[in-house]
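Q: You'll find target.cif just under this line, and it carries mmCIF, C-alpha atoms and all ligand atoms.
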```cif
data_work
loop_
_atom_site.label_atom_id
_atom_site.label_comp_id
_atom_site.auth_asym_id
_atom_site.auth_seq_id
_atom_site.Cartn_x
_atom_site.Cartn_y
_atom_site.Cartn_z
CA MET A 1142 124.52 115.21 89.38
CA ASN A 1143 122.02 115.60 86.53
CA LYS A 1144 122.73 117.58 83.38
CA GLN A 1145 119.99 120.06 84.24
CA THR A 1146 120.54 121.89 80.93
CA ASP A 1147 118.98 119.05 78.88
CA TYR A 1148 116.09 118.70 81.20
CA GLU A 1149 112.64 119.62 79.96
CA PRO A 1150 109.38 119.19 81.81
CA LEU A 1151 106.87 116.87 80.21
CA THR A 1152 103.47 118.24 79.21
CA ILE A 1153 100.33 116.42 78.15
CA ASN A 1154 101.17 117.57 74.59
CA ASN A 1155 104.87 116.68 74.33
CA LEU A 1156 104.77 113.42 76.30
CA PRO A 1157 103.70 111.05 73.47
CA ALA A 1158 106.44 112.31 71.12
CA ARG A 1159 109.09 112.17 73.84
CA LEU A 1160 108.26 108.70 75.20
CA GLY A 1161 106.62 107.11 72.13
CA ARG A 1162 109.71 105.14 71.04
CA ILE A 1163 110.45 103.58 74.40
CA GLN A 1164 109.55 99.93 73.96
CA THR A 1165 109.24 99.15 77.66
CA ILE A 1166 106.45 101.74 77.77
CA SER A 1167 104.77 101.20 74.38
CA ARG A 1168 104.67 97.44 75.04
CA HIS A 1169 101.94 98.25 77.58
CA ILE A 1170 99.98 101.01 75.84
CA GLY A 1171 100.53 100.54 72.11
CA GLN A 1172 103.15 101.39 69.49
CA ASP A 1173 101.33 104.43 68.08
CA PRO A 1174 101.76 107.33 70.52
CA SER A 1175 99.31 109.48 68.54
CA GLN A 1176 96.63 107.17 69.98
CA TRP A 1177 97.72 107.73 73.58
CA THR A 1178 95.72 109.94 75.89
CA VAL A 1179 97.60 111.79 78.60
CA THR A 1180 96.23 113.26 81.82
CA GLU A 1181 98.19 115.06 84.51
CA VAL A 1182 97.04 113.72 87.87
CA GLY A 1183 99.78 114.89 90.26
CA ASP A 1184 98.35 116.26 93.46
CA GLY A 1185 101.41 115.72 95.65
CA ASN A 1186 103.77 118.39 96.92
CA LEU A 1187 106.71 117.89 94.56
CA ASN A 1188 106.29 116.28 91.13
CA LEU A 1189 104.45 115.94 87.84
CA VAL A 1190 102.48 112.71 87.51
CA PHE A 1191 100.80 111.62 84.27
CA VAL A 1192 98.48 108.75 83.47
CA VAL A 1193 99.15 107.67 79.88
CA THR A 1194 96.54 105.42 78.33
CA GLY A 1195 96.49 103.43 75.09
CA GLY A 1196 94.96 100.15 73.91
CA GLY A 1197 92.92 99.83 77.08
CA SER A 1198 95.94 99.94 79.42
CA SER A 1199 97.71 102.72 81.27
CA VAL A 1200 101.14 103.54 82.66
CA ILE A 1201 102.17 106.11 85.20
CA VAL A 1202 104.87 108.61 84.24
CA LYS A 1203 106.35 110.57 87.11
CA GLN A 1204 108.76 113.44 86.54
CA ALA A 1205 110.55 115.50 89.15
CA LEU A 1206 110.37 119.27 88.76
CA PRO A 1207 113.45 121.36 89.55
CA TYR A 1208 111.50 123.03 92.36
CA VAL A 1209 108.93 122.24 95.06
CA ARG A 1210 105.59 122.13 93.24
CA LEU A 1211 103.65 123.09 96.37
CA VAL A 1212 105.57 126.34 96.75
CA GLY A 1213 106.84 127.18 93.24
CA ASP A 1214 110.21 127.96 91.63
CA SER A 1215 111.26 130.14 94.57
CA TRP A 1216 112.15 126.81 96.26
CA PRO A 1217 114.56 124.89 93.98
CA LEU A 1218 114.92 121.16 94.55
CA PRO A 1219 117.40 118.84 92.76
CA LEU A 1220 116.16 116.53 90.04
CA SER A 1221 118.42 113.86 91.52
CA ARG A 1222 115.59 112.89 93.87
CA SER A 1223 114.20 110.92 90.95
CA PHE A 1224 117.44 108.91 90.79
CA PHE A 1225 117.18 108.16 94.51
CA GLU A 1226 113.52 107.22 94.21
CA HIS A 1227 114.41 104.76 91.45
CA GLU A 1228 117.27 103.31 93.50
CA VAL A 1229 114.99 102.82 96.52
CA LEU A 1230 112.27 101.21 94.41
CA LEU A 1231 114.80 98.68 93.10
CA ARG A 1232 115.91 97.78 96.61
CA GLN A 1233 112.36 97.61 97.99
CA ALA A 1234 111.28 95.30 95.13
CA GLU A 1235 114.15 92.99 96.04
CA ARG A 1236 113.71 93.16 99.82
CA ASP A 1237 109.91 92.84 99.83
CA PRO A 1238 108.81 91.44 96.45
CA GLY A 1239 105.41 92.66 95.27
CA SER A 1240 105.32 95.63 97.63
CA VAL A 1241 106.03 98.37 95.04
CA PRO A 1242 104.95 99.11 91.45
CA GLU A 1243 106.94 97.57 88.60
CA ILE A 1244 109.28 100.01 86.86
CA TYR A 1245 109.15 100.17 83.04
CA HIS A 1246 111.62 102.94 82.29
CA PHE A 1247 113.97 105.36 84.03
CA ASP A 1248 115.64 108.44 82.53
CA ARG A 1249 118.07 110.02 84.96
CA ASP A 1250 118.66 113.27 83.03
CA GLN A 1251 114.97 113.91 82.52
CA ALA A 1252 114.14 112.72 86.07
CA ILE A 1253 111.43 110.44 84.66
CA ILE A 1254 110.20 107.14 86.08
CA ALA A 1255 107.58 105.25 84.08
CA MET A 1256 105.89 102.53 86.04
CA GLU A 1257 102.98 100.19 86.48
CA MET A 1258 99.60 101.86 86.78
CA LEU A 1259 98.12 100.57 90.00
CA THR A 1260 94.47 100.01 89.26
CA PRO A 1261 91.87 100.13 90.72
CA HIS A 1262 94.04 101.26 93.62
CA VAL A 1263 93.30 104.47 95.50
CA ILE A 1264 95.55 106.48 97.82
CA LEU A 1265 95.19 105.04 101.33
CA ARG A 1266 94.54 108.48 102.85
CA LYS A 1267 91.46 108.88 100.62
CA LYS A 1268 90.21 105.47 101.70
CA LEU A 1269 90.69 106.31 105.36
CA ILE A 1270 88.75 109.54 104.90
CA ALA A 1271 86.00 107.66 103.03
CA GLY A 1272 85.78 105.01 105.77
CA ASP A 1273 86.81 102.05 103.59
CA LEU A 1274 88.11 98.79 105.04
CA ILE A 1275 91.20 97.18 103.49
CA ASP A 1276 91.93 93.50 103.93
CA GLY A 1277 95.56 92.64 104.57
CA LEU A 1278 96.67 96.24 105.12
CA ALA A 1279 98.45 95.57 108.41
CA GLU A 1280 99.99 92.37 107.12
CA ARG A 1281 101.41 94.04 104.00
CA LEU A 1282 102.78 97.19 105.63
CA GLY A 1283 104.00 95.50 108.81
CA ARG A 1284 105.99 93.06 106.65
CA PHE A 1285 107.19 95.84 104.37
CA CYS A 1286 108.56 97.87 107.29
CA ALA A 1287 110.22 94.84 108.89
CA ARG A 1288 111.72 93.43 105.68
CA THR A 1289 113.08 96.72 104.40
CA ALA A 1290 114.39 97.65 107.87
CA PHE A 1291 116.13 94.32 108.41
CA ARG A 1292 117.33 93.55 104.90
CA GLY A 1293 118.77 97.05 104.40
CA SER A 1294 120.78 96.97 107.60
CA ASP A 1295 124.07 95.62 108.94
CA LEU A 1296 122.08 92.70 110.30
CA SER A 1297 121.77 91.43 106.75
CA LEU A 1298 123.90 93.21 104.12
CA LYS A 1299 127.55 92.69 103.38
CA THR A 1300 129.10 95.56 105.29
CA SER A 1301 131.09 96.93 102.32
CA ASP A 1302 127.88 97.05 100.24
CA LYS A 1303 126.01 98.77 103.01
CA LYS A 1304 128.74 101.37 103.50
CA LYS A 1305 128.80 102.09 99.77
CA ASP A 1306 125.04 102.51 99.77
CA VAL A 1307 125.08 104.80 102.82
CA ALA A 1308 127.58 107.00 100.96
CA LEU A 1309 125.42 107.00 97.83
CA PHE A 1310 122.29 108.05 99.69
CA GLN A 1311 124.04 110.95 101.42
CA GLY A 1312 123.54 112.52 97.98
CA ASN A 1313 119.83 112.80 98.75
CA ALA A 1314 120.72 115.61 101.16
CA ALA A 1315 118.17 118.12 99.86
CA LEU A 1316 115.29 115.77 100.60
CA MET A 1317 116.71 114.92 104.01
CA GLY A 1318 116.97 118.67 104.55
CA ILE A 1319 113.22 119.02 103.97
CA THR A 1320 112.54 116.41 106.65
CA GLU A 1321 115.07 117.96 109.04
CA ASN A 1322 113.34 121.32 108.74
CA LEU A 1323 109.67 120.63 108.10
CA ILE A 1324 109.33 117.67 110.47
CA PHE A 1325 111.89 118.09 113.23
CA THR A 1326 112.31 121.85 113.51
CA ASP A 1327 109.64 124.13 112.04
CA PRO A 1328 106.69 122.87 114.11
CA TYR A 1329 108.45 124.02 117.27
CA PHE A 1330 108.89 127.70 116.42
CA ASP A 1331 107.13 130.32 114.34
CA ALA A 1332 108.81 129.32 111.04
CA LYS A 1333 107.98 131.28 107.90
CA MET A 1334 105.98 128.66 105.99
CA ASN A 1335 104.08 127.31 108.99
CA HIS A 1336 100.32 127.59 109.25
CA HIS A 1337 97.69 126.20 111.55
CA THR A 1338 93.95 126.20 112.07
CA ASP A 1339 92.43 129.25 113.78
CA GLY A 1340 91.69 128.49 117.38
CA LEU A 1341 94.82 126.45 118.01
CA GLY A 1342 96.90 129.45 119.09
CA ALA A 1343 97.04 128.74 122.84
CA VAL A 1344 97.99 125.08 122.34
CA VAL A 1345 100.59 125.97 119.74
CA ASP A 1346 102.14 128.52 122.13
CA GLU A 1347 102.19 125.91 124.89
CA LEU A 1348 104.01 123.39 122.68
CA ARG A 1349 106.52 125.96 121.45
CA GLU A 1350 107.27 127.04 125.03
CA ASP A 1351 107.99 123.45 126.03
CA VAL A 1352 111.79 123.30 126.15
CA GLU A 1353 111.85 119.66 127.27
CA LEU A 1354 109.78 118.75 124.22
CA LYS A 1355 112.11 120.65 121.89
CA CYS A 1356 115.14 118.91 123.43
CA GLU A 1357 113.60 115.46 123.00
CA VAL A 1358 112.69 116.22 119.39
CA GLN A 1359 116.25 117.36 118.73
CA LYS A 1360 117.52 114.08 120.19
CA MET A 1361 115.35 112.32 117.62
CA LEU A 1362 116.77 114.58 114.91
CA LEU A 1363 120.25 113.52 115.97
CA LYS A 1364 119.17 109.92 115.38
CA PHE A 1365 117.76 110.91 111.99
CA THR A 1366 121.04 112.53 110.93
CA ALA A 1367 123.49 110.13 112.59
CA ASN A 1368 121.99 106.63 112.91
CA ALA A 1369 122.43 105.19 109.42
CA GLU A 1370 120.86 101.90 110.47
CA THR A 1371 118.95 100.99 107.32
CA LEU A 1372 117.59 102.30 104.03
CA LEU A 1373 114.18 103.77 104.72
CA HIS A 1374 111.29 104.82 102.51
CA GLY A 1375 111.57 108.16 104.29
CA ASP A 1376 108.00 109.41 103.70
CA LEU A 1377 105.72 106.50 104.56
CA HIS A 1378 102.52 108.41 105.20
CA SER A 1379 99.07 107.34 104.00
CA GLY A 1380 99.57 109.33 100.77
CA SER A 1381 102.49 107.02 99.90
CA VAL A 1382 100.34 103.88 99.96
CA MET A 1383 97.78 102.75 97.38
CA CYS A 1384 95.12 100.13 98.05
CA THR A 1385 92.15 98.24 96.74
CA ALA A 1386 89.82 96.45 99.15
CA SER A 1387 92.39 93.65 99.37
CA ASP A 1388 95.72 94.79 97.91
CA THR A 1389 98.26 97.33 99.15
CA LYS A 1390 101.33 98.82 97.46
CA VAL A 1391 103.89 101.37 98.59
CA ILE A 1392 104.83 104.26 96.29
CA ASP A 1393 106.95 107.45 96.24
CA PRO A 1394 110.19 106.70 98.13
CA GLU A 1395 112.01 109.83 96.92
CA PHE A 1396 112.82 110.77 100.53
CA GLY A 1397 114.82 107.53 100.85
CA PHE A 1398 117.69 107.82 103.33
CA TYR A 1399 119.71 105.75 105.79
CA GLY A 1400 118.34 106.30 109.27
CA PRO A 1401 116.82 104.68 112.37
CA MET A 1402 114.99 101.40 111.78
CA GLY A 1403 111.84 102.66 113.50
CA PHE A 1404 111.40 105.71 111.27
CA ASP A 1405 109.02 104.31 108.62
CA LEU A 1406 106.96 102.39 111.16
CA GLY A 1407 106.61 105.52 113.33
CA MET A 1408 105.54 107.73 110.44
CA LEU A 1409 103.01 105.14 109.28
CA ILE A 1410 101.45 104.76 112.74
CA SER A 1411 101.30 108.53 113.06
CA ASN A 1412 99.26 108.82 109.88
CA TYR A 1413 96.87 106.14 111.12
CA LEU A 1414 96.46 108.09 114.36
CA MET A 1415 95.69 111.29 112.44
CA ALA A 1416 93.12 109.35 110.41
CA TYR A 1417 91.71 108.11 113.72
CA PHE A 1418 91.47 111.50 115.41
CA SER A 1419 89.99 113.17 112.32
CA GLN A 1420 87.15 110.64 111.86
CA PRO A 1421 84.46 112.65 113.72
CA GLY A 1422 84.90 115.27 110.97
CA HIS A 1423 84.10 112.72 108.27
CA ARG A 1424 81.30 110.47 109.46
CA SER A 1425 78.22 110.26 111.63
CA GLU A 1426 78.00 108.64 115.04
CA ASN A 1427 76.49 105.53 113.39
CA ASP A 1428 79.68 104.08 112.00
CA LEU A 1429 82.25 106.31 113.72
CA LYS A 1430 83.10 104.01 116.60
CA ASP A 1431 83.46 100.89 114.46
CA TYR A 1432 85.69 102.61 111.95
CA GLN A 1433 87.89 104.19 114.61
CA ALA A 1434 88.20 100.79 116.29
CA TRP A 1435 89.28 99.30 112.93
CA ILE A 1436 92.04 101.90 112.53
CA LEU A 1437 93.41 101.12 116.00
CA LEU A 1438 93.29 97.42 115.19
CA VAL A 1439 95.30 98.08 112.02
CA ILE A 1440 97.93 99.83 114.16
CA GLU A 1441 98.10 96.95 116.64
CA GLU A 1442 98.29 94.32 113.89
CA THR A 1443 100.90 96.26 111.91
CA CYS A 1444 103.13 96.37 114.97
CA SER A 1445 102.61 92.71 115.72
CA VAL A 1446 103.36 91.71 112.10
CA PHE A 1447 106.44 93.95 112.16
CA GLU A 1448 107.73 92.31 115.32
CA ASN A 1449 107.03 88.73 114.16
CA GLU A 1450 108.62 89.31 110.76
CA PHE A 1451 111.67 91.05 112.24
CA ARG A 1452 112.03 88.17 114.71
CA HIS A 1453 111.76 85.64 111.87
CA LEU A 1454 114.43 87.46 109.83
CA TRP A 1455 116.67 87.71 112.88
CA ASN A 1456 116.50 83.93 113.28
CA THR A 1457 116.81 83.01 109.59
CA GLU A 1458 118.70 85.77 107.74
CA ARG A 1459 121.22 87.23 110.18
CA THR A 1460 124.16 87.29 107.79
CA GLY A 1461 125.63 90.76 108.44
CA ILE A 1462 128.28 92.01 110.84
CA LEU A 1463 125.79 92.81 113.61
CA PHE A 1464 125.09 90.22 116.32
CA PRO A 1465 126.57 87.46 114.11
CA LYS A 1466 125.63 83.87 114.79
CA SER A 1467 129.36 83.16 115.14
CA LEU A 1468 129.31 85.27 118.30
CA PHE A 1469 126.05 83.92 119.76
CA GLU A 1470 124.37 80.69 118.58
CA ASP A 1471 127.65 79.11 117.43
CA GLN A 1472 129.01 79.65 120.96
CA GLY A 1473 125.90 78.10 122.47
CA HIS A 1474 124.72 81.58 123.51
CA SER A 1475 121.19 82.81 122.92
CA SER A 1476 120.71 86.10 121.06
CA LYS A 1477 117.15 86.48 122.40
CA ILE A 1478 118.01 89.34 124.75
CA ALA A 1479 119.85 91.20 122.01
CA LEU A 1480 116.80 90.86 119.77
CA LYS A 1481 114.47 92.00 122.55
CA ASP A 1482 116.64 95.07 123.17
CA MET A 1483 116.80 95.88 119.47
CA LEU A 1484 113.04 95.61 119.05
CA ALA A 1485 112.58 97.83 122.11
CA GLN A 1486 114.91 100.47 120.64
CA ILE A 1487 113.15 100.36 117.26
CA TRP A 1488 109.81 100.76 119.02
CA GLU A 1489 111.00 103.67 121.16
CA ASP A 1490 112.26 105.46 118.03
CA ALA A 1491 109.03 104.71 116.18
CA VAL A 1492 106.97 106.19 119.03
CA GLY A 1493 109.11 109.35 119.07
CA ILE A 1494 108.90 109.83 115.29
CA CYS A 1495 105.18 109.16 115.44
CA GLY A 1496 104.63 112.03 117.89
CA ILE A 1497 106.76 114.45 115.87
CA GLU A 1498 104.94 113.63 112.61
CA MET A 1499 101.63 114.26 114.43
CA HIS A 1500 102.89 117.74 115.24
CA ARG A 1501 104.29 118.68 111.87
CA ARG A 1502 101.14 117.74 109.91
CA VAL A 1503 99.18 120.27 111.95
CA LEU A 1504 101.78 122.99 112.55
CA SER A 1505 104.31 123.00 109.71
CA LEU A 1506 104.01 123.53 105.93
CA ALA A 1507 102.53 120.31 104.54
CA HIS A 1508 99.26 119.30 106.20
CA ASN A 1509 97.08 116.18 105.81
CA ALA A 1510 93.73 116.05 104.02
CA ASP A 1511 92.49 114.01 107.03
CA PHE A 1512 92.24 117.26 108.97
CA GLU A 1513 92.34 119.83 106.15
CA ASP A 1514 89.21 118.45 104.47
CA ILE A 1515 87.17 119.24 107.59
CA GLU A 1516 85.66 122.56 106.57
CA ASP A 1517 84.32 123.60 109.97
CA THR A 1518 87.48 125.00 111.51
CA GLN A 1519 86.09 124.78 115.05
CA ILE A 1520 85.53 121.05 114.68
CA ARG A 1521 88.88 120.65 112.92
CA ALA A 1522 90.76 122.51 115.67
CA SER A 1523 89.05 120.47 118.40
CA LEU A 1524 90.27 117.24 116.76
CA GLU A 1525 93.74 118.58 115.98
CA VAL A 1526 94.24 119.48 119.65
CA ARG A 1527 93.78 115.85 120.68
CA ASN A 1528 96.33 114.88 118.07
CA LEU A 1529 98.83 117.54 119.17
CA MET A 1530 98.53 116.66 122.85
CA MET A 1531 98.98 112.96 122.24
CA GLY A 1532 101.94 113.74 119.98
CA ARG A 1533 103.66 115.51 122.88
CA ASP A 1534 103.06 112.52 125.17
CA LEU A 1535 104.54 110.19 122.58
CA VAL A 1536 107.73 112.21 122.28
CA LEU A 1537 108.18 112.73 126.03
CA GLN A 1538 106.99 109.31 127.20
CA ARG A 1539 108.41 107.22 124.39
CA LYS A 1540 110.46 105.10 126.79
CA SER A 1541 107.44 104.16 128.89
CA ILE A 1542 104.95 103.51 126.06
CA GLN A 1543 106.09 99.96 125.64
CA SER A 1544 103.62 98.37 123.29
CA ALA A 1545 101.15 99.06 120.52
CA LEU A 1546 98.39 98.43 123.06
CA ASP A 1547 99.81 101.14 125.33
CA LEU A 1548 99.75 103.46 122.34
CA THR A 1549 96.21 102.65 121.20
CA SER A 1550 94.93 102.96 124.79
CA LEU A 1551 96.45 106.43 124.93
CA ALA A 1552 94.78 107.29 121.61
CA LYS A 1553 91.38 106.24 123.03
CA ARG A 1554 91.98 108.43 126.07
CA TYR A 1555 92.86 111.49 123.98
CA ASN A 1556 89.96 110.81 121.63
CA SER A 1557 87.55 111.37 124.53
CA GLU A 1558 89.23 114.57 125.81
CA THR A 1559 87.55 117.91 125.28
CA TYR A 1560 89.71 121.00 125.33
CA PRO A 1561 88.36 124.49 125.99
C1 LIG B 1601 107.91 120.50 100.55
S1 LIG B 1601 107.58 118.85 100.64
C2 LIG B 1601 106.47 118.65 101.93
C3 LIG B 1601 106.20 117.26 102.30
O1 LIG B 1601 105.68 116.56 101.18
C4 LIG B 1601 106.28 115.29 101.10
O2 LIG B 1601 105.34 114.29 100.83
C5 LIG B 1601 106.98 115.07 102.40
O3 LIG B 1601 106.11 114.53 103.37
C6 LIG B 1601 107.39 116.45 102.75
O4 LIG B 1601 107.71 116.61 104.11
MG MG B 1602 105.44 111.81 98.05
#
```
Rewrite the structure of this file - the entire thing - as structure tokens.

A:
Amino acid sequence: MNKQTDYEPLTINNLPARLGRIQTISRHIGQDPSQWTVTEVGDGNLNLVFVVTGGGSSVIVKQALPYVRLVGDSWPLPLSRSFFEHEVLLRQAERDPGSVPEIYHFDRDQAIIAMEMLTPHVILRKKLIAGDLIDGLAERLGRFCARTAFRGSDLSLKTSDKKKDVALFQGNAALMGITENLIFTDPYFDAKMNHHTDGLGAVVDELREDVELKCEVQKMLLKFTANAETLLHGDLHSGSVMCTASDTKVIDPEFGFYGPMGFDLGMLISNYLMAYFSQPGHRSENDLKDYQAWILLVIEETCSVFENEFRHLWNTERTGILFPKSLFEDQGHSSKIALKDMLAQIWEDAVGICGIEMHRRVLSLAHNADFEDIEDTQIRASLEVRNLMMGRDLVLQRKSIQSALDLTSLAKRYNSETYP
């Protein structure tokens, strides 16, 4: 897709000369690139990320590398992910205005996106580890998940537009492939790049011997590959969210794909649960209980905002081919049961995805700082076990865990379990 031959990675030295003439960038940081300062700040798994500062302002410049940064050039990865990230950002900005950073410049061949520097925002995961409270977090992300799920689906879009978009995003196959392997498959066998904390061996063996669990996870993978319900962020963990004490933005949708409407919500809840279970490794008894209670409240509120917003959109914006008003309200028939069933299906999928994400972050290649930053491996393992065991329940019991309260009650139960 990209002319990879012209591609050249940016460096802190060549960046000013290469981007200095782009007005949509220099408008923010000054016309003289020799006065810019450039710092490479990327600490994610895939890309280069630079902060470029001039005249007291900064922009973010993100460039895809032709390989997985975490692993190196032995694992090539197409630059086209930058194109898909840009396409998703455009749609998210339209579907939930204000939820994502503003884009200043996009260069498809060089796989570069220059965008608004979110400041003084900090990655949500870091805030959760530090024990910070964020006003409006649940409201913002619950709405984001509902609006993007609904407005990217056949409930809302013109069906020819949606079909065209589904076809376009099939091009993001390499990134979907990462999710198919690292999330849905590798945790459940001894895959090459897997690693886990010492002391988890017996639990890991138990999970990998659980054929029912593997079957249920594969059913969820079938949904991932086959249910092109809506355009998803595709990687909505707490490292893909940036916050201040009162503002929240979503970043990094390069894993964007068409899939089940509950996918983003499930991954988000999962990352809150991992933050919850890991808290005893980060703070003393004094404020532990209060902070854990706050995280569970964020989960409950996110789900309630999601449901209310989805319900509102169902009643006010149902313009697509699915459950059309012409078939229900215009005939004097209520669509309430259809909505209830759809919300139940989204929730069931979200619960299943949530459990699987809880497994992969402890067993597969890419782990979370929430657990990894706990240096004492005995403490870390004892907290990871709770997370793994609850994850299994979520996958197997996803039909009977019917509400966010059911889920947070289960989390409280696992949080008080001690495993040998
Ligand atoms: C090789 S990429 C590993 C993980 O990093 C990304 O953020 C995604 O979560 C992916 O699964
Ligand atoms: Mg990312």

Q: Point out the residue among A:Ala1271, A:Ile1201, A:Ala1308, A:Ala1479 with the least atom-to-atom distance to A:Leu1259, counting all atoms listed in the file.

A: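 Residue with the minimum atom-to-atom distance to A:Leu1259: A:Ile1201.
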
Q: Taking all atoms listed in the file into account, name the residue in A:Pro1238, A:Tyr1245, A:Arg1281, A:Gly1318 that is nearest to A:Leu1218.

A: A:Gly1318

Q: Any idea what's packed within 6 Å of stretch 1453-1466 of chain A, counting only C-alpha atoms, ignoring anything in its chain fewer than 6 positions away? Could you give it as a list in words?

A: Asp1295, Leu1296, Ser1297, Leu1298 and Lys1299 of chain A

Q: How would you write as a PyMOL selection string the residues that get within 10 Å of (91.3, 106.3, 101.6) in the file's frame, counting all atoms listed in the file?

A: chain A and resi 1262-1275+1379-1380+1382-1385+1416+1511

Q: Determine, using all atoms listed in the file, which residues of chain A have any atom at most 7 Å from an atom of ligand MG 1602 (chain B), and tabulate each with its shortest atom pair and distance in Å to one decimal place, rows ordered by chain and then rising number, as a tab-separated table.

A:
```
residue	atom	partner	partner_atom	distance
A:Gly1185	CA	B:MG1602	MG	6.1
A:Asn1186	CA	B:MG1602	MG	6.9
A:Asp1376	CA	B:MG1602	MG	6.7
A:Gly1380	CA	B:MG1602	MG	6.9
A:Ser1381	CA	B:MG1602	MG	5.9
A:Asp1393	CA	B:MG1602	MG	5.0
A:Pro1394	CA	B:MG1602	MG	7.0
A:Glu1395	CA	B:MG1602	MG	7.0
```

Q: Hey, can you check how far atom CA of A:Gln1543 sits from atom CA of A:Ala1485?

A: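 Taking atom CA of A:Gln1543 and atom CA of A:Ala1485, their separation equals 7.7 Å.
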
Q: Go ahead and find all residues with at least one atom no further than 9 Å from (115.0, 106.4, 126.7) in the file's coordinates, using only C-alpha atoms; report them as a PyMOL selection string.

A: chain A and resi 1486+1489+1538-1541

Q: Kindly give the distance, in Å, that separates atom CA of A:Ile1153 and atom CA of A:Gln1176, rounded to a single decimal.

A: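 Going from atom CA of A:Ile1153 over to atom CA of A:Gln1176, I get 12.9 Å.
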
Q: Around ligand LIG 1601 (chain B), which protein and nucleic acid residues have at least one atom no more than 9 Å from it, if we count all atoms listed in the file? List them as a VMD selection string.

A: chain A and resid 1185 to 1187 1209 to 1212 1216 1316 1319 to 1324 1375 to 1378 1380 to 1381 1393 1395 to 1396 1501 to 1502 1506 to 1508

Q: Just checking: using only C-alpha atoms, which residue out of A:Ala1252, A:Cys1495, A:Ala1290, A:Val1182 ends up closest to A:Gln1204?

A: A:Ala1252
